[in-house]
Amino acid sequence: MDPVSALVTLTNFVLIPGFAYGSQLALGALGITLIYSILRFSHFAHGDVMAFGTMVVIFTTWGFQAIGITGGGVIPTALLAIPVGIAVMIVYLLVADRLVYRFFRQVKAKPLTFVMASLGVMFVTNGLTRLFIGTSERRFEDGERFIFSVRDFREWTGLAEGLALRSSQAITIVTALLVMAALFWFLTRTKSGKSMRAYSDNEDLALLSGINPERVVTMTWMIVAGLVVIAGTLYGLDKGFRPINYFQLLLPMFAAAIVGGLGSPIGAIVGGFVVAFSEMGITYAWRRFFTHLMPEDMAPDSMLQLLPVDYKFAVTFAILVIVLIFRPTGIFRGKSI
Amino acid sequence: MSVNWRNIGLFAAMGLVLVMVAAFQSWQLALTILNMSLISAIMALGVNMQWGYAGLFNVGIMGFTAVGGLAAVLIAMPPVNEAWAAGGLGAILGLMLGVATILAAVVVYKRMTPGRLRGMVIFAVIVVGWLVARFFFAPATQAIQAVNPASEGYLGGLGLPVILAWPVGAVFAAGAAWLVGKVSLGLRSDYLAIATLGISEIIIAILKHERWLARGVNNVTGIPRPVTRPVDLQPQPWVQDLAGRLGWSVSETASILSALGYSVLFVIVLAILIWLAEKALNSPWGRMMRAIRDNETAARAMGKDVTRRHLNIFVLGSAVCGLAGAMMVSLDGQLTPGSYEPLRFTFLIWVMVIVGGSGNNWGAVLGAFVIWFLWVQVEPAGRWLMEMVTSGMEPGSDLRRHLLDSASHMRLLTMGVALLLVLRFSPRGLIPEK
Amino acid sequence: MADPYLIGDAMTGGYGGADILHDCTISVERGEIAVIVGPNGAGKSTAMKAVFGMLQLRKGMVRLDGTDITGLSPQARVRAGMGFVPQTGNIFPGMTVEENLEMGAFIRDDDISDTREQVFDLFPILRDKRAQAAGELSGGQRQQVAVGRALMTKPKVLMLDEPTAGVSPIVMDELFDRIIEVARTGIPILMVEQNARQALEIADKGFVMVQGRNRYTDTGKALLADPEVRKSFLGG
Ligand SMILES: Nc1ncnc2c1ncn2[C@@H]1O[C@H](COP(=O)(O)OP(=O)(O)OP(=O)(O)O)[C@@H](O)[C@H]1O
Ligand SMILES: [Mg+2]
């Protein structure tokens, strides 16, 4: 019996990675939820837009490194490149809005037409990303790799079980918290943020109050640009960059947004963590954890893994199905049905 | 009817383009394009039923196609007796226990009063059932996969004629569609889209990783074909005779004949489906579907069970996709789950339907031909373009190599632009709904 | 005769299909309350929306203080000094009472706290509920939020579409009192009312609309006294 080791194992293999992944999903889901509540459609291009933004960050990182700007070996250079990525994505998304979505807004097209248009944007964005950077995996992490490594941890504590905190994980969690706090501050404390919420709440009355819808839409895309670039870069630092992986984030991100309640920012965050921890918990092999908790001679001999990692989509999907059956409005009662 | 002439003209133009491919490139290429166009046309018909008739947005075409393909393996491949002996019973028992677990959970949910106790009982049922099922399932599948893993390591199929797989593929897809539809129809329209995206990812994951079922990413090859293979045609005297008369090589003649055989089969299937689809569209049922699509609220108010109607048509459309998936696997003679990409199978079909004209069956078919043709031809065109652009550069330069490599990605861009242009400037497509 | 402060003059138009309004005129004079009554579906709300520029007129015009504003967008009319409380969807349900008022004052760049205090003085209950989501209030309280929101721009004219809908008789009397209070501060009020008798009692001018047309137009008192009007529209 060694509960401390059990806890350390759990933290190392489930809690820390889960928090990091959950933060990434939450940032992605926040973007989806914002677009849903302001522009009122499901943004299928989200994953690919994220990939494109991350690609810009990667190119900028390489450029910075070439001219000698780096994070000083401490923080990843990519963090310094994020503002450039955001600036480019703001332009990209606003151009996409002007060329594609605005027309459908003007003719008051059905929501599914917007979804279809976002499929078109997805294709184009995906094509551009592949065109510029290709399809293979890129690693762009530099700087210190660990806040503390397994060895450090063992030396400090004298425990047998190891615990490591990778820089990318710590940066992900801290950055995500800061971004979420900033977003909430913006939405609840500033006039512009409130006008966005008002528009999402009651579009017609927002018009009658003199709120300019085009301005609200523009602000939304700008915030989304920030969210996708940050989420994408954090994900890439943590797990490496491959365009196809970003496309595949679409399902967990949508699941997070729906589970939390589509249209509810808090819901998106909670949903992100629910999805992340479910995926981690169900695909994690619990043997080591339980071995520590049981008397030596009772150690389990199977892996105690409920599902192989290949089926993490199935976990996401199962959560989605459960929510759709029992509470279609999501945990935080977003805009329903 | 002048409209009809226009449509016939469009199809004739498409035919002419294919003939030109035959003349300037090769007959084989033209027939390859034709056969895949026919299969795409069938998928597009299925999607058009869902989208065009009922306004349902299915993003899981890839998954429905893949289960259809699975049917080809399960029906047509010979059974692997050794594998059955090694673990067939255990695998089946495990699966049945899994199903029983879900049923038990549902029964508990229905019978017990809501509350914390019910939640805990359901949880316990699922965990225990899961563990028991895995207890039988895991060793059985291991045993199956250990049987001659280089070429088999799976249970094989029933060894029946492959044509039978086509309707069975449709049934498989229909089953999957029923599950998804039951859950997500009747809610907001985008939920169906997301749910279908999910189910198709799961189907692909199962096909890739359950090696005992259809060898996973190791692919099943050598699936029996409904049409005589070129190698078997070559020795036939009449083929050699024909080759001599046409002045072609025997092997070329044989493969063209074989491809033509597929074309004939596919055209027959497509013709039957179009006939049925047109009849359905113009029947009272079809009119009701469109009435529901155009004004759901009014239809509901008139007492129509909209969700049920939607479920019907969603299942039907997905079945057609499954049929096409089985046909495609029997055309290729192999099931390669690794190649099932959403961008190709799902979104390409969508572009076909939108470009062709949603709501019109002929439009969907034409769209399939046009878009598949572009899909095949844009890549060489892009390469040619890139070669022109880079011809002035140094042969070894990185930029030049990068540009040449990237030509293959041009097709995604082209498809996206085509979709956006049609949505914006001609939302009713090439052949608009009547 | 000088032009009324706000007038929708001989308006004809609808929502794109058949015309709903036919040569319909409604107006309000400075410092007065004008009331529009009529059966359900008569086009009262449509007339209000037309005056506020929310639907295209085929004929007729809208003038504010003598200037033609027919071509202005609703937002521009807000800036020109018009306030409107629509019949439905007249609050931001997900936002707090205070935020609702703040959004009402969106176009203002100056300090809005005085106006907010005035609204709180007018509807004291809102002061207590200021941090609560407006969607969680009772129907009567919501109507107060709605009127309060419209007052936040310091409008020069206020248009109310059934401010007392779904409100108990006691609260209704109180709301009417408040509306009179607002009118006393010099803001002309143009309102649609289902409770015709009470509304006409406080009205300087009344319009009876039927099927998109003006049927009777007179002072509130005269309409109340008119036996025809009483018989058909006031239930005897
Ligand atoms: N958005 C709309 N689009 C099309 N027609 C509408 C719309 N709103 C109202 N109508 C039609 O206009 C007519 C007048 O409606 P309006 O809402 O103006 O009536 P009202 O007098 O305000 O009735 P009530 O007392 O019930 O509020 C009705 O026949 C209605 O069906
Ligand atoms: Mg009304």
# chains A, B, ... in the order shown; residues from 1 in each chain; ligands from 1
>>> select_by_dssp(residues="range 33-77 of chain C", states="alpha helix (DSSP H)", output="list of chain:residue names")
C:Lys44, C:Ser45, C:Thr46, C:Ala47, C:Met48, C:Lys49, C:Ala50, C:Val51, C:Pro74, C:Gln75, C:Ala76, C:Arg77
>>> write_last_selection(atoms="C-alpha atoms", output="PDB file, in the first residue's frame")
ATOM      1  CA  LYS C  44     -50.668  47.932 -34.427  1.00  0.00           C
ATOM      2  CA  SER C  45     -47.237  46.426 -33.897  1.00  0.00           C
ATOM      3  CA  THR C  46     -46.603  46.623 -37.596  1.00  0.00           C
ATOM      4  CA  ALA C  47     -47.409  50.324 -37.560  1.00  0.00           C
ATOM      5  CA  MET C  48     -44.998  50.857 -34.678  1.00  0.00           C
ATOM      6  CA  LYS C  49     -42.258  48.965 -36.476  1.00  0.00           C
ATOM      7  CA  ALA C  50     -42.924  50.992 -39.589  1.00  0.00           C
ATOM      8  CA  VAL C  51     -42.493  54.206 -37.644  1.00  0.00           C
ATOM      9  CA  PRO C  74     -33.497  51.878 -36.882  1.00  0.00           C
ATOM     10  CA  GLN C  75     -30.072  52.509 -35.350  1.00  0.00           C
ATOM     11  CA  ALA C  76     -29.970  55.950 -36.897  1.00  0.00           C
ATOM     12  CA  ARG C  77     -33.411  56.649 -35.451  1.00  0.00           C
TER      13      ARG C  77
END
>>> residues_near_ligand(ligand="ligand 2", cutoff="8 Å", atoms="only C-alpha atoms and all ligand atoms", output="ChimeraX atom specification")
/C:40-41,43-46,87,161-162,192
>>> write_last_selection(atoms="C-alpha atoms", output="mmCIF file, in the first residue's frame")
data_model
loop_
_atom_site.group_PDB
_atom_site.id
_atom_site.type_symbol
_atom_site.label_atom_id
_atom_site.label_comp_id
_atom_site.auth_asym_id
_atom_site.auth_seq_id
_atom_site.Cartn_x
_atom_site.Cartn_y
_atom_site.Cartn_z
ATOM 1 C CA ASN C 40 -55.425 41.397 -32.378
ATOM 2 C CA GLY C 41 -53.749 41.325 -35.743
ATOM 3 C CA GLY C 43 -51.426 45.847 -37.505
ATOM 4 C CA LYS C 44 -50.668 47.932 -34.427
ATOM 5 C CA SER C 45 -47.237 46.426 -33.897
ATOM 6 C CA THR C 46 -46.603 46.623 -37.596
ATOM 7 C CA GLN C 87 -43.853 43.873 -27.922
ATOM 8 C CA ASP C 161 -45.686 48.287 -27.751
ATOM 9 C CA GLU C 162 -48.000 46.806 -25.107
ATOM 10 C CA VAL C 192 -50.022 50.391 -28.220
#
>>> residues_around(residues="Val250 in chain B", least_positions_apart="2", cutoff="9 Å", atoms="only C-alpha atoms", output="ChimeraX atom specification")
/B:234-235,239-244,248,252-255
>>> closest_atom_pairs(of="chain A", to="chain B", cutoff="6 Å", atoms="only C-alpha atoms", output="JSON lines")
{"residue": "A:Gly120", "atom": "CA", "partner": "B:Gly416", "partner_atom": "CA", "distance": 4.4}
{"residue": "A:Phe123", "atom": "CA", "partner": "B:Gly416", "partner_atom": "CA", "distance": 4.6}
{"residue": "A:Val124", "atom": "CA", "partner": "B:Leu413", "partner_atom": "CA", "distance": 4.5}
{"residue": "A:Gly127", "atom": "CA", "partner": "B:Leu413", "partner_atom": "CA", "distance": 4.8}
{"residue": "A:Leu131", "atom": "CA", "partner": "B:Ser406", "partner_atom": "CA", "distance": 5.0}
{"residue": "A:Ala314", "atom": "CA", "partner": "B:Ile202", "partner_atom": "CA", "distance": 5.7}
{"residue": "A:Phe317", "atom": "CA", "partner": "B:Gly198", "partner_atom": "CA", "distance": 5.7}
{"residue": "A:Ile337", "atom": "CA", "partner": "B:Arg188", "partner_atom": "CA", "distance": 4.5}
>>> write_last_selection(atoms="C-alpha atoms", output="mmCIF file, in the first residue's frame")
data_model
loop_
_atom_site.group_PDB
_atom_site.id
_atom_site.type_symbol
_atom_site.label_atom_id
_atom_site.label_comp_id
_atom_site.auth_asym_id
_atom_site.auth_seq_id
_atom_site.Cartn_x
_atom_site.Cartn_y
_atom_site.Cartn_z
ATOM 1 C CA GLY A 120 -15.622 25.577 -48.181
ATOM 2 C CA PHE A 123 -11.132 23.076 -47.677
ATOM 3 C CA VAL A 124 -9.361 26.223 -48.776
ATOM 4 C CA GLY A 127 -5.279 23.301 -48.881
ATOM 5 C CA LEU A 131 0.576 23.941 -49.707
ATOM 6 C CA ALA A 314 -15.345 6.929 -29.113
ATOM 7 C CA PHE A 317 -18.609 10.591 -28.954
ATOM 8 C CA ILE A 337 -32.401 23.229 -29.717
#
>>> atom_distance(atom1="CA of Leu97 in chain B", atom2="CA of Val67 in chain B")
22.0 Å
>>> interface_residues(of="chain A", to="chain C", cutoff="12 Å", atoms="only C-alpha atoms", output="compact mmCIF listing (two decimals) with all heavy atoms, in the first residue's frame")
# COMPACT_ATOMS: atom_id res chain seq x y z
N LEU A 187 -15.64 40.22 -21.65
CA LEU A 187 -17.07 40.02 -21.90
C LEU A 187 -17.96 40.62 -20.82
O LEU A 187 -19.08 41.02 -21.09
CB LEU A 187 -17.37 38.52 -22.02
CG LEU A 187 -16.90 37.84 -23.30
CD1 LEU A 187 -17.22 36.35 -23.25
CD2 LEU A 187 -17.55 38.47 -24.53
N THR A 188 -17.46 40.68 -19.59
CA THR A 188 -18.35 41.14 -18.52
C THR A 188 -18.03 42.54 -18.04
O THR A 188 -18.83 43.14 -17.34
CB THR A 188 -18.27 40.20 -17.30
OG1 THR A 188 -16.91 40.09 -16.91
CG2 THR A 188 -18.81 38.82 -17.62
N ARG A 189 -16.86 43.07 -18.39
CA ARG A 189 -16.50 44.36 -17.83
C ARG A 189 -16.39 45.50 -18.84
O ARG A 189 -16.45 46.65 -18.47
CB ARG A 189 -15.15 44.25 -17.09
CG ARG A 189 -15.19 43.42 -15.84
CD ARG A 189 -15.77 44.19 -14.66
NE ARG A 189 -15.80 43.37 -13.47
CZ ARG A 189 -16.78 42.53 -13.18
NH1 ARG A 189 -17.82 42.42 -14.00
NH2 ARG A 189 -16.75 41.79 -12.11
N THR A 190 -16.20 45.15 -20.10
CA THR A 190 -16.05 46.24 -21.06
C THR A 190 -17.34 46.43 -21.85
O THR A 190 -18.14 45.51 -21.99
CB THR A 190 -14.93 45.95 -22.07
OG1 THR A 190 -15.34 44.83 -22.86
CG2 THR A 190 -13.63 45.62 -21.38
N LYS A 191 -17.50 47.65 -22.34
CA LYS A 191 -18.71 47.95 -23.09
C LYS A 191 -18.78 47.11 -24.37
O LYS A 191 -19.83 46.59 -24.72
CB LYS A 191 -18.69 49.44 -23.43
CG LYS A 191 -20.01 49.97 -23.89
CD LYS A 191 -19.95 51.49 -23.93
CE LYS A 191 -21.08 52.05 -24.73
NZ LYS A 191 -21.00 53.50 -24.88
N SER A 192 -17.62 46.98 -25.04
CA SER A 192 -17.62 46.19 -26.28
C SER A 192 -17.98 44.75 -25.99
O SER A 192 -18.78 44.13 -26.70
CB SER A 192 -16.24 46.23 -26.92
OG SER A 192 -15.89 47.54 -27.23
N GLY A 193 -17.41 44.21 -24.92
CA GLY A 193 -17.70 42.82 -24.57
C GLY A 193 -19.17 42.64 -24.25
O GLY A 193 -19.80 41.68 -24.68
N LYS A 194 -19.71 43.60 -23.50
CA LYS A 194 -21.12 43.49 -23.16
C LYS A 194 -21.98 43.60 -24.42
O LYS A 194 -23.01 42.93 -24.53
CB LYS A 194 -21.50 44.57 -22.16
CG LYS A 194 -20.95 44.31 -20.77
CD LYS A 194 -21.37 45.42 -19.84
CE LYS A 194 -20.51 45.41 -18.59
NZ LYS A 194 -20.77 46.58 -17.75
N SER A 195 -21.54 44.45 -25.34
CA SER A 195 -22.36 44.57 -26.55
C SER A 195 -22.36 43.25 -27.32
O SER A 195 -23.34 42.90 -27.96
CB SER A 195 -21.87 45.72 -27.43
OG SER A 195 -20.66 45.40 -28.07
N MET A 196 -21.25 42.51 -27.25
CA MET A 196 -21.25 41.20 -27.89
C MET A 196 -22.23 40.26 -27.22
O MET A 196 -22.97 39.53 -27.89
CB MET A 196 -19.84 40.57 -27.82
CG MET A 196 -18.90 41.08 -28.89
SD MET A 196 -17.24 40.42 -28.68
CE MET A 196 -17.55 38.68 -28.90
N ARG A 197 -22.25 40.29 -25.90
CA ARG A 197 -23.20 39.41 -25.21
C ARG A 197 -24.63 39.83 -25.52
O ARG A 197 -25.52 38.99 -25.69
CB ARG A 197 -22.94 39.46 -23.71
CG ARG A 197 -21.76 38.58 -23.31
CD ARG A 197 -21.34 38.86 -21.90
NE ARG A 197 -22.41 38.73 -20.95
CZ ARG A 197 -22.61 39.55 -19.91
NH1 ARG A 197 -21.78 40.56 -19.70
NH2 ARG A 197 -23.60 39.38 -19.09
N ALA A 198 -24.84 41.15 -25.58
CA ALA A 198 -26.18 41.63 -25.87
C ALA A 198 -26.62 41.15 -27.25
O ALA A 198 -27.74 40.66 -27.44
CB ALA A 198 -26.22 43.16 -25.80
N TYR A 199 -25.71 41.25 -28.21
CA TYR A 199 -26.04 40.83 -29.57
C TYR A 199 -26.37 39.35 -29.60
O TYR A 199 -27.30 38.91 -30.27
CB TYR A 199 -24.85 41.14 -30.48
CG TYR A 199 -25.12 40.83 -31.92
CD1 TYR A 199 -25.78 41.75 -32.73
CD2 TYR A 199 -24.72 39.62 -32.49
CE1 TYR A 199 -26.03 41.48 -34.06
CE2 TYR A 199 -24.97 39.34 -33.81
CZ TYR A 199 -25.62 40.27 -34.58
OH TYR A 199 -25.89 39.99 -35.90
N SER A 200 -25.61 38.58 -28.82
CA SER A 200 -25.85 37.14 -28.80
C SER A 200 -27.19 36.83 -28.12
O SER A 200 -27.90 35.92 -28.51
CB SER A 200 -24.69 36.47 -28.08
OG SER A 200 -25.14 35.46 -27.24
N ASP A 201 -27.53 37.63 -27.13
CA ASP A 201 -28.76 37.42 -26.37
C ASP A 201 -30.01 37.75 -27.16
O ASP A 201 -30.99 37.02 -27.13
CB ASP A 201 -28.72 38.35 -25.16
CG ASP A 201 -28.87 37.59 -23.87
OD1 ASP A 201 -28.73 36.37 -23.91
OD2 ASP A 201 -29.13 38.22 -22.84
N ASN A 202 -29.98 38.87 -27.84
CA ASN A 202 -31.18 39.35 -28.52
C ASN A 202 -30.74 40.30 -29.63
O ASN A 202 -30.56 41.49 -29.43
CB ASN A 202 -32.08 40.08 -27.52
CG ASN A 202 -33.42 40.45 -28.12
OD1 ASN A 202 -33.56 40.55 -29.33
ND2 ASN A 202 -34.39 40.69 -27.27
N GLU A 203 -30.61 39.70 -30.80
CA GLU A 203 -30.05 40.43 -31.93
C GLU A 203 -30.87 41.67 -32.29
O GLU A 203 -30.33 42.77 -32.47
CB GLU A 203 -30.01 39.46 -33.12
CG GLU A 203 -29.21 39.93 -34.28
CD GLU A 203 -29.18 38.86 -35.37
OE1 GLU A 203 -29.25 37.67 -35.03
OE2 GLU A 203 -29.11 39.24 -36.54
N ASP A 204 -32.19 41.51 -32.33
CA ASP A 204 -33.04 42.62 -32.75
C ASP A 204 -32.97 43.78 -31.77
O ASP A 204 -32.88 44.94 -32.15
CB ASP A 204 -34.49 42.16 -32.89
CG ASP A 204 -34.63 41.16 -34.02
OD1 ASP A 204 -33.84 41.26 -34.97
OD2 ASP A 204 -35.50 40.28 -33.94
N LEU A 205 -33.01 43.43 -30.50
CA LEU A 205 -32.97 44.49 -29.50
C LEU A 205 -31.61 45.17 -29.50
O LEU A 205 -31.50 46.37 -29.24
CB LEU A 205 -33.28 43.90 -28.12
CG LEU A 205 -33.59 44.95 -27.05
CD1 LEU A 205 -34.82 45.74 -27.43
CD2 LEU A 205 -33.82 44.27 -25.71
N ALA A 206 -30.56 44.41 -29.81
CA ALA A 206 -29.24 45.01 -29.91
C ALA A 206 -29.24 46.07 -30.99
O ALA A 206 -28.70 47.17 -30.82
CB ALA A 206 -28.19 43.95 -30.19
N LEU A 207 -29.90 45.76 -32.11
CA LEU A 207 -30.01 46.75 -33.18
C LEU A 207 -30.73 47.99 -32.68
O LEU A 207 -30.31 49.12 -32.91
CB LEU A 207 -30.79 46.17 -34.36
CG LEU A 207 -30.10 45.08 -35.16
CD1 LEU A 207 -31.00 44.62 -36.29
CD2 LEU A 207 -28.80 45.63 -35.71
N LEU A 208 -31.84 47.77 -31.94
CA LEU A 208 -32.63 48.88 -31.45
C LEU A 208 -31.87 49.69 -30.41
O LEU A 208 -32.27 50.80 -30.08
CB LEU A 208 -33.93 48.38 -30.81
CG LEU A 208 -34.95 47.82 -31.78
CD1 LEU A 208 -36.23 47.48 -31.05
CD2 LEU A 208 -35.22 48.82 -32.86
N SER A 209 -30.81 49.10 -29.85
CA SER A 209 -30.04 49.85 -28.87
C SER A 209 -28.87 50.56 -29.54
O SER A 209 -28.06 51.17 -28.85
CB SER A 209 -29.51 48.90 -27.79
OG SER A 209 -30.57 48.20 -27.21
N GLY A 210 -28.78 50.45 -30.84
CA GLY A 210 -27.74 51.16 -31.55
C GLY A 210 -26.43 50.40 -31.64
O GLY A 210 -25.40 50.96 -32.02
N ILE A 211 -26.45 49.10 -31.31
CA ILE A 211 -25.23 48.30 -31.44
C ILE A 211 -25.05 47.92 -32.91
O ILE A 211 -25.99 47.45 -33.56
CB ILE A 211 -25.34 47.01 -30.58
CG1 ILE A 211 -25.38 47.41 -29.10
CG2 ILE A 211 -24.18 46.08 -30.85
CD1 ILE A 211 -25.72 46.27 -28.17
N ASN A 212 -23.84 48.15 -33.43
CA ASN A 212 -23.60 47.90 -34.84
C ASN A 212 -23.20 46.43 -35.04
O ASN A 212 -22.14 46.01 -34.58
CB ASN A 212 -22.49 48.83 -35.31
CG ASN A 212 -22.15 48.61 -36.77
OD1 ASN A 212 -22.68 47.71 -37.41
ND2 ASN A 212 -21.27 49.44 -37.29
N PRO A 213 -24.06 45.66 -35.72
CA PRO A 213 -23.78 44.23 -35.82
C PRO A 213 -22.45 43.94 -36.52
O PRO A 213 -21.74 43.01 -36.12
CB PRO A 213 -24.95 43.68 -36.63
CG PRO A 213 -25.66 44.85 -37.18
CD PRO A 213 -25.32 46.03 -36.35
N GLY A 263 -22.88 28.11 -26.83
CA GLY A 263 -23.22 29.51 -26.61
C GLY A 263 -22.82 29.98 -25.22
O GLY A 263 -22.89 31.17 -24.94
N SER A 264 -22.40 29.08 -24.36
CA SER A 264 -22.01 29.49 -23.02
C SER A 264 -20.49 29.39 -22.85
O SER A 264 -19.94 28.30 -22.91
CB SER A 264 -22.71 28.60 -21.99
OG SER A 264 -21.95 28.52 -20.81
N ARG A 333 -26.82 25.02 -19.87
CA ARG A 333 -27.97 25.52 -20.60
C ARG A 333 -27.61 26.61 -21.58
O ARG A 333 -27.92 27.78 -21.39
CB ARG A 333 -29.02 26.09 -19.64
CG ARG A 333 -29.61 25.06 -18.73
CD ARG A 333 -31.12 25.24 -18.57
NE ARG A 333 -31.68 24.16 -17.79
CZ ARG A 333 -32.00 22.97 -18.29
NH1 ARG A 333 -31.82 22.73 -19.57
NH2 ARG A 333 -32.49 22.04 -17.53
N GLY A 334 -26.93 26.21 -22.62
CA GLY A 334 -26.64 27.17 -23.68
C GLY A 334 -27.91 27.42 -24.46
O GLY A 334 -28.99 27.09 -24.03
N LYS A 335 -27.75 28.04 -25.60
CA LYS A 335 -28.92 28.25 -26.46
C LYS A 335 -29.40 26.89 -26.89
O LYS A 335 -28.67 26.13 -27.49
CB LYS A 335 -28.50 29.00 -27.71
CG LYS A 335 -28.16 30.40 -27.43
CD LYS A 335 -27.83 31.09 -28.73
CE LYS A 335 -27.22 32.44 -28.48
NZ LYS A 335 -27.96 33.27 -27.58
>>> residues_around(residues="range 155-169 of chain A", least_positions_apart="6", cutoff="8 Å", atoms="only C-alpha atoms", output="PDB file with N, CA and C atoms, in the first residue's frame")
ATOM      1  N   SER A   5       2.475   7.193  -3.785  1.00  0.00           N
ATOM      2  CA  SER A   5       2.927   6.820  -5.125  1.00  0.00           C
ATOM      3  C   SER A   5       1.761   6.758  -6.085  1.00  0.00           C
ATOM      4  N   VAL A   8       0.993  10.218  -7.097  1.00  0.00           N
ATOM      5  CA  VAL A   8       2.019  10.755  -7.996  1.00  0.00           C
ATOM      6  C   VAL A   8       1.825  10.202  -9.403  1.00  0.00           C
ATOM      7  N   THR A   9       1.582   8.886  -9.492  1.00  0.00           N
ATOM      8  CA  THR A   9       1.349   8.281 -10.805  1.00  0.00           C
ATOM      9  C   THR A   9       0.166   8.947 -11.494  1.00  0.00           C
ATOM     10  N   THR A  11      -1.131  11.859 -10.998  1.00  0.00           N
ATOM     11  CA  THR A  11      -0.826  13.233 -11.396  1.00  0.00           C
ATOM     12  C   THR A  11       0.006  13.245 -12.668  1.00  0.00           C
ATOM     13  N   ASN A  12       0.985  12.361 -12.707  1.00  0.00           N
ATOM     14  CA  ASN A  12       1.910  12.374 -13.824  1.00  0.00           C
ATOM     15  C   ASN A  12       1.248  11.957 -15.129  1.00  0.00           C
ATOM     16  N   ILE A  16      -1.940  15.982 -14.972  1.00  0.00           N
ATOM     17  CA  ILE A  16      -1.225  17.044 -15.688  1.00  0.00           C
ATOM     18  C   ILE A  16      -1.520  17.022 -17.185  1.00  0.00           C
ATOM     19  N   PRO A  17      -1.376  15.856 -17.847  1.00  0.00           N
ATOM     20  CA  PRO A  17      -1.712  15.857 -19.278  1.00  0.00           C
ATOM     21  C   PRO A  17      -3.172  16.225 -19.516  1.00  0.00           C
ATOM     22  N   ALA A  20      -3.588  19.959 -19.328  1.00  0.00           N
ATOM     23  CA  ALA A  20      -3.038  20.629 -20.503  1.00  0.00           C
ATOM     24  C   ALA A  20      -3.969  20.447 -21.697  1.00  0.00           C
ATOM     25  N   ILE A  75      11.890  30.243 -22.384  1.00  0.00           N
ATOM     26  CA  ILE A  75      10.555  29.996 -22.915  1.00  0.00           C
ATOM     27  C   ILE A  75      10.678  29.719 -24.414  1.00  0.00           C
ATOM     28  N   GLU A 144      13.733  25.551 -22.500  1.00  0.00           N
ATOM     29  CA  GLU A 144      13.821  24.522 -21.469  1.00  0.00           C
ATOM     30  C   GLU A 144      12.703  23.499 -21.676  1.00  0.00           C
ATOM     31  N   ARG A 145      13.040  22.202 -21.704  1.00  0.00           N
ATOM     32  CA  ARG A 145      11.980  21.225 -21.973  1.00  0.00           C
ATOM     33  C   ARG A 145      11.168  20.881 -20.735  1.00  0.00           C
ATOM     34  N   PHE A 146      11.820  20.948 -19.591  1.00  0.00           N
ATOM     35  CA  PHE A 146      11.102  20.560 -18.370  1.00  0.00           C
ATOM     36  C   PHE A 146      11.148  21.679 -17.333  1.00  0.00           C
ATOM     37  N   ILE A 147      10.048  21.857 -16.618  1.00  0.00           N
ATOM     38  CA  ILE A 147      10.098  22.668 -15.412  1.00  0.00           C
ATOM     39  C   ILE A 147      10.830  21.838 -14.358  1.00  0.00           C
ATOM     40  N   PHE A 148      10.381  20.591 -14.207  1.00  0.00           N
ATOM     41  CA  PHE A 148      11.198  19.635 -13.475  1.00  0.00           C
ATOM     42  C   PHE A 148      10.977  18.260 -14.099  1.00  0.00           C
ATOM     43  N   SER A 149      12.047  17.461 -14.124  1.00  0.00           N
ATOM     44  CA  SER A 149      11.962  16.171 -14.788  1.00  0.00           C
ATOM     45  C   SER A 149      11.747  15.083 -13.738  1.00  0.00           C
ATOM     46  N   LEU A 234      -0.321  26.198 -28.483  1.00  0.00           N
ATOM     47  CA  LEU A 234      -0.124  25.417 -27.259  1.00  0.00           C
ATOM     48  C   LEU A 234      -0.229  23.933 -27.562  1.00  0.00           C
ATOM     49  N   LEU A 237       2.934  22.891 -29.407  1.00  0.00           N
ATOM     50  CA  LEU A 237       4.094  22.792 -28.521  1.00  0.00           C
ATOM     51  C   LEU A 237       4.024  21.507 -27.708  1.00  0.00           C
ATOM     52  N   ASP A 238       2.811  21.188 -27.292  1.00  0.00           N
ATOM     53  CA  ASP A 238       2.619  20.049 -26.413  1.00  0.00           C
ATOM     54  C   ASP A 238       2.743  18.731 -27.182  1.00  0.00           C
TER      55      ASP A 238
END
>>> select_by_dssp(residues="range 89-164 of chain A", states="strand (DSSP E or B)", output="PyMOL selection string")
chain A and resi 138+146-148
>>> write_last_selection(atoms="C-alpha atoms", output="PDB file, in the first residue's frame")
ATOM      1  CA  ARG A 138       6.794  19.565 -37.318  1.00  0.00           C
ATOM      2  CA  PHE A 146      11.102  20.560 -18.370  1.00  0.00           C
ATOM      3  CA  ILE A 147      10.098  22.668 -15.412  1.00  0.00           C
ATOM      4  CA  PHE A 148      11.198  19.635 -13.475  1.00  0.00           C
TER       5      PHE A 148
END
>>> residues_around(residues="range 122-129 of chain C", least_positions_apart="6", cutoff="9 Å", atoms="only C-alpha atoms", output="PyMOL selection string")
chain C and resi 96-98+137+141+144-145+148+178+181-182
